[in-house]
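Here is the file upload_33.cif (mmCIF, C-alpha atoms).
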```cif
data_my_file
#
loop_
_atom_site.group_PDB
_atom_site.id
_atom_site.type_symbol
_atom_site.label_atom_id
_atom_site.label_comp_id
_atom_site.auth_asym_id
_atom_site.auth_seq_id
_atom_site.Cartn_x
_atom_site.Cartn_y
_atom_site.Cartn_z
ATOM 1 C CA MET A 1 -11.137 -142.218 -189.135
ATOM 2 C CA ALA A 2 -9.937 -140.287 -186.143
ATOM 3 C CA GLU A 3 -6.448 -141.032 -184.899
ATOM 4 C CA VAL A 4 -6.321 -142.198 -181.282
ATOM 5 C CA SER A 5 -3.334 -140.760 -179.487
ATOM 6 C CA GLN A 6 -1.461 -142.921 -177.001
ATOM 7 C CA PRO A 7 -0.880 -141.550 -173.495
ATOM 8 C CA VAL A 8 2.646 -140.353 -172.722
ATOM 9 C CA VAL A 9 4.127 -142.367 -169.860
ATOM 10 C CA SER A 10 6.988 -140.946 -167.835
ATOM 11 C CA VAL A 11 9.102 -143.580 -166.127
ATOM 12 C CA ILE A 12 11.086 -142.605 -163.059
ATOM 13 C CA PRO A 13 12.945 -144.960 -160.699
ATOM 14 C CA ASP A 14 10.456 -144.785 -157.820
ATOM 15 C CA ASP A 15 7.208 -145.290 -159.710
ATOM 16 C CA GLU A 16 5.644 -148.459 -161.120
ATOM 17 C CA GLY A 17 8.335 -148.589 -163.826
ATOM 18 C CA LYS A 18 11.282 -148.714 -161.437
ATOM 19 C CA ASP A 19 11.908 -152.391 -162.177
ATOM 20 C CA LYS A 20 12.976 -151.373 -165.679
ATOM 21 C CA PHE A 21 16.241 -150.087 -164.188
ATOM 22 C CA LYS A 22 18.907 -152.584 -163.162
ATOM 23 C CA LYS A 23 19.988 -152.491 -159.521
ATOM 24 C CA SER A 24 23.314 -153.620 -158.118
ATOM 25 C CA SER A 25 21.706 -156.859 -156.927
ATOM 26 C CA ASP A 26 20.755 -157.594 -160.552
ATOM 27 C CA VAL A 27 24.432 -157.599 -161.612
ATOM 28 C CA ALA A 28 25.986 -161.064 -161.472
ATOM 29 C CA PHE A 29 29.550 -160.052 -160.614
ATOM 30 C CA TYR A 30 28.279 -157.784 -157.815
ATOM 31 C CA ARG A 31 26.385 -160.711 -156.278
ATOM 32 C CA ARG A 32 29.432 -162.957 -156.553
ATOM 33 C CA GLN A 33 31.631 -160.450 -154.776
ATOM 34 C CA MET A 34 29.150 -159.483 -152.062
ATOM 35 C CA GLU A 35 27.891 -163.008 -151.336
ATOM 36 C CA GLY A 36 31.160 -164.848 -151.879
ATOM 37 C CA PRO A 37 33.745 -165.669 -149.211
ATOM 38 C CA ASN A 38 36.432 -163.264 -148.048
ATOM 39 C CA LEU A 39 39.550 -164.567 -149.773
ATOM 40 C CA GLN A 40 42.529 -164.315 -147.438
ATOM 41 C CA HIS A 41 45.357 -163.243 -149.723
ATOM 42 C CA ARG A 42 48.945 -163.312 -148.547
ATOM 43 C CA ALA A 43 51.595 -160.808 -149.599
ATOM 44 C CA LEU A 44 54.776 -162.776 -150.284
ATOM 45 C CA LEU A 45 57.165 -160.212 -148.828
ATOM 46 C CA ASP A 46 60.290 -162.070 -149.959
ATOM 47 C CA THR A 47 59.259 -161.450 -153.595
ATOM 48 C CA LEU A 48 59.703 -157.672 -153.192
ATOM 49 C CA VAL A 49 61.399 -156.065 -156.194
ATOM 50 C CA LEU A 50 62.228 -152.354 -156.238
ATOM 51 C CA THR A 51 62.004 -150.742 -159.676
ATOM 52 C CA GLU A 52 62.426 -147.283 -161.157
ATOM 53 C CA ARG A 53 58.645 -146.845 -160.956
ATOM 54 C CA GLY A 54 58.032 -148.227 -157.467
ATOM 55 C CA ALA A 55 57.834 -151.783 -156.145
ATOM 56 C CA ARG A 56 56.336 -155.177 -156.986
ATOM 57 C CA PHE A 57 55.083 -157.978 -154.739
ATOM 58 C CA GLU A 58 53.475 -161.340 -155.431
ATOM 59 C CA LEU A 59 50.123 -162.106 -153.782
ATOM 60 C CA LEU A 60 48.871 -165.622 -153.105
ATOM 61 C CA GLU A 61 45.351 -166.855 -152.361
ATOM 62 C CA PRO A 62 46.041 -170.159 -150.547
ATOM 63 C CA ASP A 63 42.709 -171.932 -151.208
ATOM 64 C CA THR A 64 42.754 -171.482 -154.980
ATOM 65 C CA GLN A 65 46.552 -171.106 -155.280
ATOM 66 C CA THR A 66 45.925 -168.030 -157.432
ATOM 67 C CA LYS A 67 48.975 -165.796 -157.793
ATOM 68 C CA LEU A 68 48.628 -162.082 -158.485
ATOM 69 C CA LEU A 69 51.178 -159.348 -159.108
ATOM 70 C CA LEU A 70 50.877 -156.171 -157.042
ATOM 71 C CA SER A 71 52.626 -153.035 -158.326
ATOM 72 C CA VAL A 72 52.834 -149.862 -156.238
ATOM 73 C CA SER A 73 53.996 -146.584 -157.774
ATOM 74 C CA PRO A 74 54.332 -143.326 -155.792
ATOM 75 C CA CYS A 75 54.218 -140.148 -157.866
ATOM 76 C CA LYS A 76 55.466 -136.617 -157.356
ATOM 77 C CA ASN A 77 51.995 -135.139 -156.746
ATOM 78 C CA ASP A 78 51.411 -137.144 -153.541
ATOM 79 C CA THR A 79 49.553 -139.828 -155.471
ATOM 80 C CA VAL A 80 50.007 -143.580 -155.046
ATOM 81 C CA ARG A 81 48.996 -145.858 -157.906
ATOM 82 C CA ILE A 82 48.058 -149.472 -157.139
ATOM 83 C CA LEU A 83 47.940 -151.998 -159.989
ATOM 84 C CA ILE A 84 46.959 -155.670 -159.618
ATOM 85 C CA ASP A 85 47.093 -158.250 -162.402
ATOM 86 C CA GLU A 86 47.475 -161.983 -162.882
ATOM 87 C CA MET A 87 50.943 -163.455 -162.679
ATOM 88 C CA GLU A 88 50.426 -165.683 -165.726
ATOM 89 C CA PRO A 89 47.186 -164.794 -167.558
ATOM 90 C CA ILE A 90 46.029 -166.934 -170.444
ATOM 91 C CA LYS A 91 45.812 -163.717 -172.464
ATOM 92 C CA ALA A 92 46.266 -159.996 -171.955
ATOM 93 C CA ARG A 93 43.495 -158.496 -169.850
ATOM 94 C CA TYR A 94 41.757 -155.398 -171.161
ATOM 95 C CA ARG A 95 43.108 -152.323 -169.440
ATOM 96 C CA VAL A 96 41.358 -148.953 -169.432
ATOM 97 C CA PRO A 97 43.569 -146.353 -171.168
ATOM 98 C CA ASP A 98 45.322 -143.966 -168.817
ATOM 99 C CA VAL A 99 43.292 -140.809 -168.270
ATOM 100 C CA ILE A 100 46.069 -138.899 -166.535
ATOM 101 C CA THR A 101 47.501 -136.226 -168.785
ATOM 102 C CA GLY A 102 51.167 -136.776 -169.536
ATOM 103 C CA GLU A 103 53.653 -139.314 -168.239
ATOM 104 C CA LEU A 104 53.463 -140.129 -164.546
ATOM 105 C CA GLN A 105 56.546 -138.905 -162.719
ATOM 106 C CA CYS A 106 57.189 -141.804 -160.378
ATOM 107 C CA GLU A 107 59.397 -141.748 -157.323
ATOM 108 C CA GLN A 108 61.872 -144.476 -156.364
ATOM 109 C CA LEU A 109 61.025 -146.373 -153.199
ATOM 110 C CA ARG A 110 63.409 -147.434 -150.453
ATOM 111 C CA VAL A 111 62.944 -149.958 -147.650
ATOM 112 C CA GLU A 112 62.556 -148.344 -144.224
ATOM 113 C CA ARG A 113 61.641 -151.395 -142.124
ATOM 114 C CA ARG A 114 61.282 -155.068 -142.872
ATOM 115 C CA SER A 115 60.011 -158.004 -140.803
ATOM 116 C CA LYS A 116 58.089 -161.259 -141.277
ATOM 117 C CA LEU A 117 54.857 -159.328 -140.743
ATOM 118 C CA CYS A 118 55.242 -156.300 -142.996
ATOM 119 C CA VAL A 119 57.489 -154.165 -145.176
ATOM 120 C CA SER A 120 57.544 -150.348 -144.903
ATOM 121 C CA LEU A 121 58.628 -148.311 -147.921
ATOM 122 C CA SER A 122 59.178 -144.572 -148.258
ATOM 123 C CA TRP A 123 60.234 -142.127 -150.928
ATOM 124 C CA SER A 124 61.525 -138.604 -151.372
ATOM 125 C CA SER A 125 61.665 -136.788 -148.005
ATOM 126 C CA GLY A 126 60.110 -139.747 -146.161
ATOM 127 C CA ARG A 127 56.949 -137.809 -145.289
ATOM 128 C CA HIS A 128 54.838 -140.514 -146.922
ATOM 129 C CA GLN A 129 55.172 -144.256 -146.460
ATOM 130 C CA ILE A 130 53.616 -147.450 -147.791
ATOM 131 C CA CYS A 131 53.233 -150.433 -145.465
ATOM 132 C CA VAL A 132 52.459 -153.864 -146.980
ATOM 133 C CA TRP A 133 51.240 -156.499 -144.493
ATOM 134 C CA HIS A 134 51.848 -160.195 -145.076
ATOM 135 C CA PHE A 135 48.639 -161.857 -143.787
ATOM 136 C CA PRO A 136 45.933 -161.037 -144.235
ATOM 137 C CA PHE A 137 47.217 -158.834 -147.038
ATOM 138 C CA ARG A 138 46.525 -155.143 -146.720
ATOM 139 C CA LEU A 139 48.312 -152.020 -147.898
ATOM 140 C CA GLU A 140 48.467 -148.838 -145.824
ATOM 141 C CA ILE A 141 49.407 -145.376 -147.058
ATOM 142 C CA LEU A 142 50.769 -143.147 -144.318
ATOM 143 C CA CYS A 143 51.490 -139.449 -144.075
ATOM 144 C CA GLU A 144 53.815 -138.399 -141.254
ATOM 145 C CA ASP A 145 53.342 -141.837 -139.608
ATOM 146 C CA LYS A 146 49.553 -141.500 -139.659
ATOM 147 C CA VAL A 147 47.527 -144.050 -141.649
ATOM 148 C CA MET A 148 45.475 -142.176 -144.242
ATOM 149 C CA VAL A 149 44.253 -144.937 -146.577
ATOM 150 C CA THR A 150 44.030 -148.718 -146.207
ATOM 151 C CA PHE A 151 43.583 -150.934 -149.261
ATOM 152 C CA ASN A 152 41.901 -154.306 -148.546
ATOM 153 C CA SER A 153 41.369 -153.555 -144.855
ATOM 154 C CA ARG A 154 38.395 -155.967 -144.712
ATOM 155 C CA SER A 155 39.905 -158.638 -147.001
ATOM 156 C CA LYS A 156 37.410 -157.946 -149.786
ATOM 157 C CA LEU A 157 39.990 -158.318 -152.566
ATOM 158 C CA TRP A 158 38.301 -160.345 -155.306
ATOM 159 C CA PHE A 159 40.084 -161.097 -158.556
ATOM 160 C CA GLU A 160 38.511 -163.330 -161.202
ATOM 161 C CA THR A 161 41.221 -164.815 -163.401
ATOM 162 C CA LEU A 162 40.574 -165.198 -167.113
ATOM 163 C CA GLN A 163 39.318 -168.586 -168.259
ATOM 164 C CA ASP A 164 38.970 -170.507 -171.474
ATOM 165 C CA PRO A 165 35.388 -170.576 -172.812
ATOM 166 C CA PRO A 166 33.271 -173.562 -171.715
ATOM 167 C CA ARG A 167 32.666 -176.374 -174.124
ATOM 168 C CA ARG A 168 29.792 -175.903 -176.516
ATOM 169 C CA GLY A 169 26.473 -176.767 -174.900
ATOM 170 C CA CYS A 170 27.763 -176.463 -171.319
ATOM 171 C CA GLU A 171 26.725 -172.861 -170.781
ATOM 172 C CA GLY A 172 23.396 -171.087 -170.522
ATOM 173 C CA ARG A 173 21.554 -173.775 -168.581
ATOM 174 C CA ALA A 174 18.697 -172.760 -166.310
ATOM 175 C CA SER A 175 18.415 -173.898 -162.728
ATOM 176 C CA SER A 176 15.616 -176.199 -161.565
ATOM 177 C CA HIS A 177 13.384 -173.260 -160.602
ATOM 178 C CA GLY A 178 13.710 -171.622 -164.016
ATOM 179 C CA SER A 179 16.181 -168.836 -163.222
ATOM 180 C CA GLU A 180 19.886 -168.561 -164.002
ATOM 181 C CA SER A 181 22.245 -170.240 -161.573
ATOM 182 C CA GLN A 182 25.392 -168.540 -160.300
ATOM 183 C CA GLU A 183 27.554 -170.666 -162.596
ATOM 184 C CA ASP A 184 25.430 -169.878 -165.660
ATOM 185 C CA THR A 185 25.901 -166.109 -165.246
ATOM 186 C CA LEU A 186 29.692 -166.368 -165.564
ATOM 187 C CA TRP A 187 29.384 -166.251 -169.363
ATOM 188 C CA LYS A 188 25.892 -164.882 -169.980
ATOM 189 C CA GLU A 189 23.257 -163.145 -167.888
ATOM 190 C CA THR A 190 19.751 -161.948 -168.614
ATOM 191 C CA PHE A 191 17.874 -158.918 -167.290
ATOM 192 C CA ARG A 192 14.268 -158.796 -168.425
ATOM 193 C CA GLN A 193 14.457 -159.465 -172.182
ATOM 194 C CA PHE A 194 18.064 -158.259 -172.521
ATOM 195 C CA VAL A 195 20.917 -160.770 -172.791
ATOM 196 C CA ASP A 196 24.488 -159.781 -171.938
ATOM 197 C CA VAL A 197 27.047 -162.222 -173.359
ATOM 198 C CA LYS A 198 30.395 -162.206 -171.541
ATOM 199 C CA ALA A 199 32.851 -162.805 -174.385
ATOM 200 C CA ASN A 200 35.801 -163.008 -171.978
ATOM 201 C CA GLY A 201 33.930 -164.753 -169.199
ATOM 202 C CA PRO A 202 34.179 -163.738 -165.535
ATOM 203 C CA SER A 203 36.817 -161.026 -165.141
ATOM 204 C CA SER A 204 35.665 -158.724 -162.347
ATOM 205 C CA VAL A 205 37.946 -157.220 -159.717
ATOM 206 C CA GLY A 206 36.907 -155.711 -156.401
ATOM 207 C CA SER A 207 38.324 -154.557 -153.101
ATOM 208 C CA ASP A 208 37.533 -152.362 -150.136
ATOM 209 C CA LEU A 209 39.276 -149.046 -149.527
ATOM 210 C CA SER A 210 39.154 -147.294 -146.146
ATOM 211 C CA LEU A 211 39.717 -143.530 -145.870
ATOM 212 C CA HIS A 212 40.763 -142.695 -142.293
ATOM 213 C CA GLY A 213 39.879 -139.314 -140.793
ATOM 214 C CA PHE A 214 37.699 -138.206 -143.712
ATOM 215 C CA SER A 215 34.265 -137.059 -142.585
ATOM 216 C CA HIS A 216 32.931 -136.286 -146.088
ATOM 217 C CA VAL A 217 33.467 -137.982 -149.436
ATOM 218 C CA PHE A 218 32.189 -137.010 -152.877
ATOM 219 C CA GLY A 219 32.290 -138.216 -156.468
ATOM 220 C CA LEU A 220 31.375 -141.395 -158.361
ATOM 221 C CA PRO A 221 28.416 -141.262 -160.805
ATOM 222 C CA GLU A 222 26.315 -138.236 -161.595
ATOM 223 C CA HIS A 223 23.141 -138.586 -159.529
ATOM 224 C CA ALA A 224 20.227 -136.352 -158.485
ATOM 225 C CA ASP A 225 21.250 -136.109 -154.855
ATOM 226 C CA GLY A 226 23.476 -134.111 -152.543
ATOM 227 C CA LEU A 227 27.180 -133.895 -153.310
ATOM 228 C CA GLN A 228 28.144 -135.828 -150.191
ATOM 229 C CA LEU A 229 27.933 -139.582 -150.701
ATOM 230 C CA ARG A 230 25.606 -141.456 -148.381
ATOM 231 C CA ASP A 231 26.193 -144.586 -146.359
ATOM 232 C CA THR A 232 25.058 -147.399 -148.675
ATOM 233 C CA ARG A 233 24.853 -150.200 -146.092
ATOM 234 C CA ASP A 234 21.084 -149.673 -145.843
ATOM 235 C CA GLY A 235 20.339 -149.748 -149.554
ATOM 236 C CA ASP A 236 21.628 -149.946 -153.108
ATOM 237 C CA ALA A 237 25.256 -149.122 -153.854
ATOM 238 C CA TYR A 238 26.443 -146.353 -156.171
ATOM 239 C CA ARG A 239 27.027 -147.980 -159.563
ATOM 240 C CA LEU A 240 29.691 -146.809 -161.990
ATOM 241 C CA PHE A 241 27.289 -147.139 -164.897
ATOM 242 C CA ASN A 242 25.894 -144.580 -167.339
ATOM 243 C CA LEU A 243 22.140 -144.339 -167.833
ATOM 244 C CA ASP A 244 20.127 -142.101 -170.130
ATOM 245 C CA VAL A 245 17.041 -141.519 -167.976
ATOM 246 C CA PHE A 246 14.513 -139.081 -169.408
ATOM 247 C CA ALA A 247 12.812 -138.418 -166.069
ATOM 248 C CA TYR A 248 14.488 -139.227 -162.780
ATOM 249 C CA ASP A 249 13.641 -138.939 -159.132
ATOM 250 C CA LEU A 250 15.371 -136.635 -156.665
ATOM 251 C CA GLN A 251 17.384 -137.902 -153.696
ATOM 252 C CA SER A 252 18.302 -140.999 -155.697
ATOM 253 C CA ARG A 253 21.590 -142.911 -156.077
ATOM 254 C CA LEU A 254 20.678 -143.909 -159.627
ATOM 255 C CA GLY A 255 23.519 -143.057 -162.018
ATOM 256 C CA LEU A 256 22.736 -140.625 -164.814
ATOM 257 C CA SER A 257 24.666 -139.439 -167.858
ATOM 258 C CA ARG A 258 28.211 -139.253 -166.489
ATOM 259 C CA LEU A 259 30.449 -141.141 -164.126
ATOM 260 C CA VAL A 260 33.871 -140.304 -162.750
ATOM 261 C CA PRO A 261 35.650 -143.122 -160.848
ATOM 262 C CA LEU A 262 37.082 -140.691 -158.320
ATOM 263 C CA VAL A 263 36.308 -140.205 -154.622
ATOM 264 C CA PRO A 264 37.857 -137.039 -153.141
ATOM 265 C CA GLY A 265 37.885 -136.808 -149.369
ATOM 266 C CA PRO A 266 39.101 -133.403 -148.110
ATOM 267 C CA GLN A 267 40.813 -132.894 -144.780
ATOM 268 C CA THR A 268 41.524 -129.667 -142.971
ATOM 269 C CA ASP A 269 45.306 -129.980 -142.737
ATOM 270 C CA ARG A 270 46.448 -132.438 -145.420
ATOM 271 C CA THR A 271 45.208 -134.578 -148.273
ATOM 272 C CA LEU A 272 46.611 -137.625 -150.027
ATOM 273 C CA ALA A 273 45.132 -138.846 -153.282
ATOM 274 C CA CYS A 274 44.979 -142.579 -153.832
ATOM 275 C CA SER A 275 44.565 -143.661 -157.457
ATOM 276 C CA GLY A 276 43.446 -147.247 -157.943
ATOM 277 C CA SER A 277 44.485 -148.798 -161.246
ATOM 278 C CA THR A 278 42.848 -152.170 -161.027
ATOM 279 C CA HIS A 279 39.708 -152.738 -163.075
ATOM 280 C CA PRO A 280 36.058 -151.738 -162.649
ATOM 281 C CA LYS A 281 34.623 -152.846 -159.357
ATOM 282 C CA PRO A 282 31.478 -152.377 -157.348
ATOM 283 C CA LEU A 283 31.349 -149.906 -154.502
#
```

With the file now loaded, output its structure as C-alpha cells.
Amino acid sequence: MAEVSQPVVSVIPDDEGKDKFKKSSDVAFYRRQMEGPNLQHRALLDTLVLTERGARFELLEPDTQTKLLLSVSPCKNDTVRILIDEMEPIKARYRVPDVITGELQCEQLRVERRSKLCVSLSWSSGRHQICVWHFPFRLEILCEDKVMVTFNSRSKLWFETLQDPPRRGCEGRASSHGSESQEDTLWKETFRQFVDVKANGPSSVGSDLSLHGFSHVFGLPEHADGLQLRDTRDGDAYRLFNLDVFAYDLQSRLGLSRLVPLVPGPQTDRTLACSGSTHPKPL
C-alpha cells in the first residue's frame, strides 16, 4: 500500500492561520488595564522617608482605598529605579531577579523644594532631580531643570493587589453568551483549547511612561521589523512575550525568540536611563 504524504503547511501571522497566535486583545489583564478606568492615585507627600538608597512615599487610590509603597532610588550611572509594591500584601509578591550586574550604587537624596502640590528631590551635584506630584500622582525626572521622563503622566497606573482564592465552585463560570466574563478571567482564561490557570489570581501592574524630547525609541521584543518602534495606537501593541514561530511575516510586531524589557531613546546632547522595577506590564 502506498503511503500518502501529508502536505506541509507553513503558518505565518498574516495568513489564514494568524488566529493561532494570541494578540494583546486576547490577554485578560491587558483588556482590564486598557478598558478599565483611570485610577487617580494620590502621593501622600507627608509620608516621605529619606533612606540610604533613596526615598519612599505612600500612594493612595481613594475609590478602593488601596495603599501602595513607592520607592525611588537614584544610582551613580544616571539611572533612576522606581519600585512599587503593596503596603500590606497578603503574601510576598513574586519579584523578577535583578538582572543588573553587581550591587547598585545608590545616591542619597535631599529635599530641594516642598509644597502641598509636590516635592522636589536631588542628589549628588544637583544636575538631576526627581519631582513627585501629589494629585494626580506623577513622577518627573529632570536633567538641568528640563523634564526628561514622566512616570504616570496619563494616570494609567494600574496595580492589582493579591487576593485569596475564590471559594470552590465560584470560579470558571461562563457568561450568558457562552464566553468568559471579565470576572471569570481573573483566575483562569482560555485561548482556543489552551487553559491558563492563574494560581495567584490577578496580579498585573501597568503604567504609562512618557519620554520627552526623544524622536526615536528602540527595544522591547525581537520582531521582524525596523529597529525603530512604531506608533501602536493604530494596531496591536508590542508584547513582552516569547514565541517560537517557524515562519513569520516581515514588518510585523509579533514577538519572536527573545525579549528585552528595555527602551533606549537617544538624544543628541544628553541621555538619562530610567529603569522601571515594577512588574510585567503591557505597552

Considering all atoms listed in the file, return as a list in words whatever protein or nucleic-acid residues lie within 12 Å of Asp46 in chain A, sequence-local ones (same chain, fewer than 2 positions apart) excluded.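 In the requested form, the answer reads Arg42, Ala43, Leu44, Leu48, Val49, Leu50, Arg56, Phe57, Glu58, Leu59, Arg114, Ser115, Lys116, Leu117, Cys118, Val119, Val132, Trp133 and His134 of chain A.
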
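Taken over the shown file, the PyMOL selection byres ((chain A and resi 217) around 8) identifies Phe214, Ser215, His216, Phe218, Gly219, Gln228, Leu229, Val263, Pro264, Gly265 and Pro266 of chain A.
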
Using all atoms listed in the file, pick whichever of A:Leu104, A:Asp225, A:Pro202, A:Tyr248 has the shortest atom-to-atom distance to Trp158 in chain A. A:Pro202

Hits from the PyMOL selection byres ((chain A and resi 53) around 10), listed as a PDB file with C-alpha atoms, keeping the file's coordinate frame:
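Okay, part-v1.pdb is ready:
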```pdb
ATOM      1  CA  LEU A  50      62.228-152.354-156.238  1.00  0.00           C
ATOM      2  CA  THR A  51      62.004-150.742-159.676  1.00  0.00           C
ATOM      3  CA  GLU A  52      62.426-147.283-161.157  1.00  0.00           C
ATOM      4  CA  GLY A  54      58.032-148.227-157.467  1.00  0.00           C
ATOM      5  CA  ALA A  55      57.834-151.783-156.145  1.00  0.00           C
ATOM      6  CA  ARG A  56      56.336-155.177-156.986  1.00  0.00           C
ATOM      7  CA  SER A  71      52.626-153.035-158.326  1.00  0.00           C
ATOM      8  CA  VAL A  72      52.834-149.862-156.238  1.00  0.00           C
ATOM      9  CA  SER A  73      53.996-146.584-157.774  1.00  0.00           C
ATOM     10  CA  PRO A  74      54.332-143.326-155.792  1.00  0.00           C
ATOM     11  CA  CYS A  75      54.218-140.148-157.866  1.00  0.00           C
ATOM     12  CA  LEU A 104      53.463-140.129-164.546  1.00  0.00           C
ATOM     13  CA  GLN A 105      56.546-138.905-162.719  1.00  0.00           C
ATOM     14  CA  CYS A 106      57.189-141.804-160.378  1.00  0.00           C
ATOM     15  CA  GLU A 107      59.397-141.748-157.323  1.00  0.00           C
ATOM     16  CA  GLN A 108      61.872-144.476-156.364  1.00  0.00           C
ATOM     17  CA  LEU A 109      61.025-146.373-153.199  1.00  0.00           C
TER      18      LEU A 109
END
```

Which residues are near Glu160 in chain A? Cut-off 12 Å, only C-alpha atoms, ignore same chain within fewer than 2 positions. Put them as number ranges by chain. A: 29, 32-33, 36, 39, 61, 64, 66-68, 84-86, 89, 93, 157-158, 162-163, 186, 200-207, 278-281

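Rounded to one decimal, CA of Arg258 in chain A and CA of Asp196 in chain A lie 21.6 Å from each other.
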
So how far away is CA of Pro261 in chain A from CA of Tyr30 in chain A, in Å?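 That distance, rounded to one decimal, is 16.7 Å.
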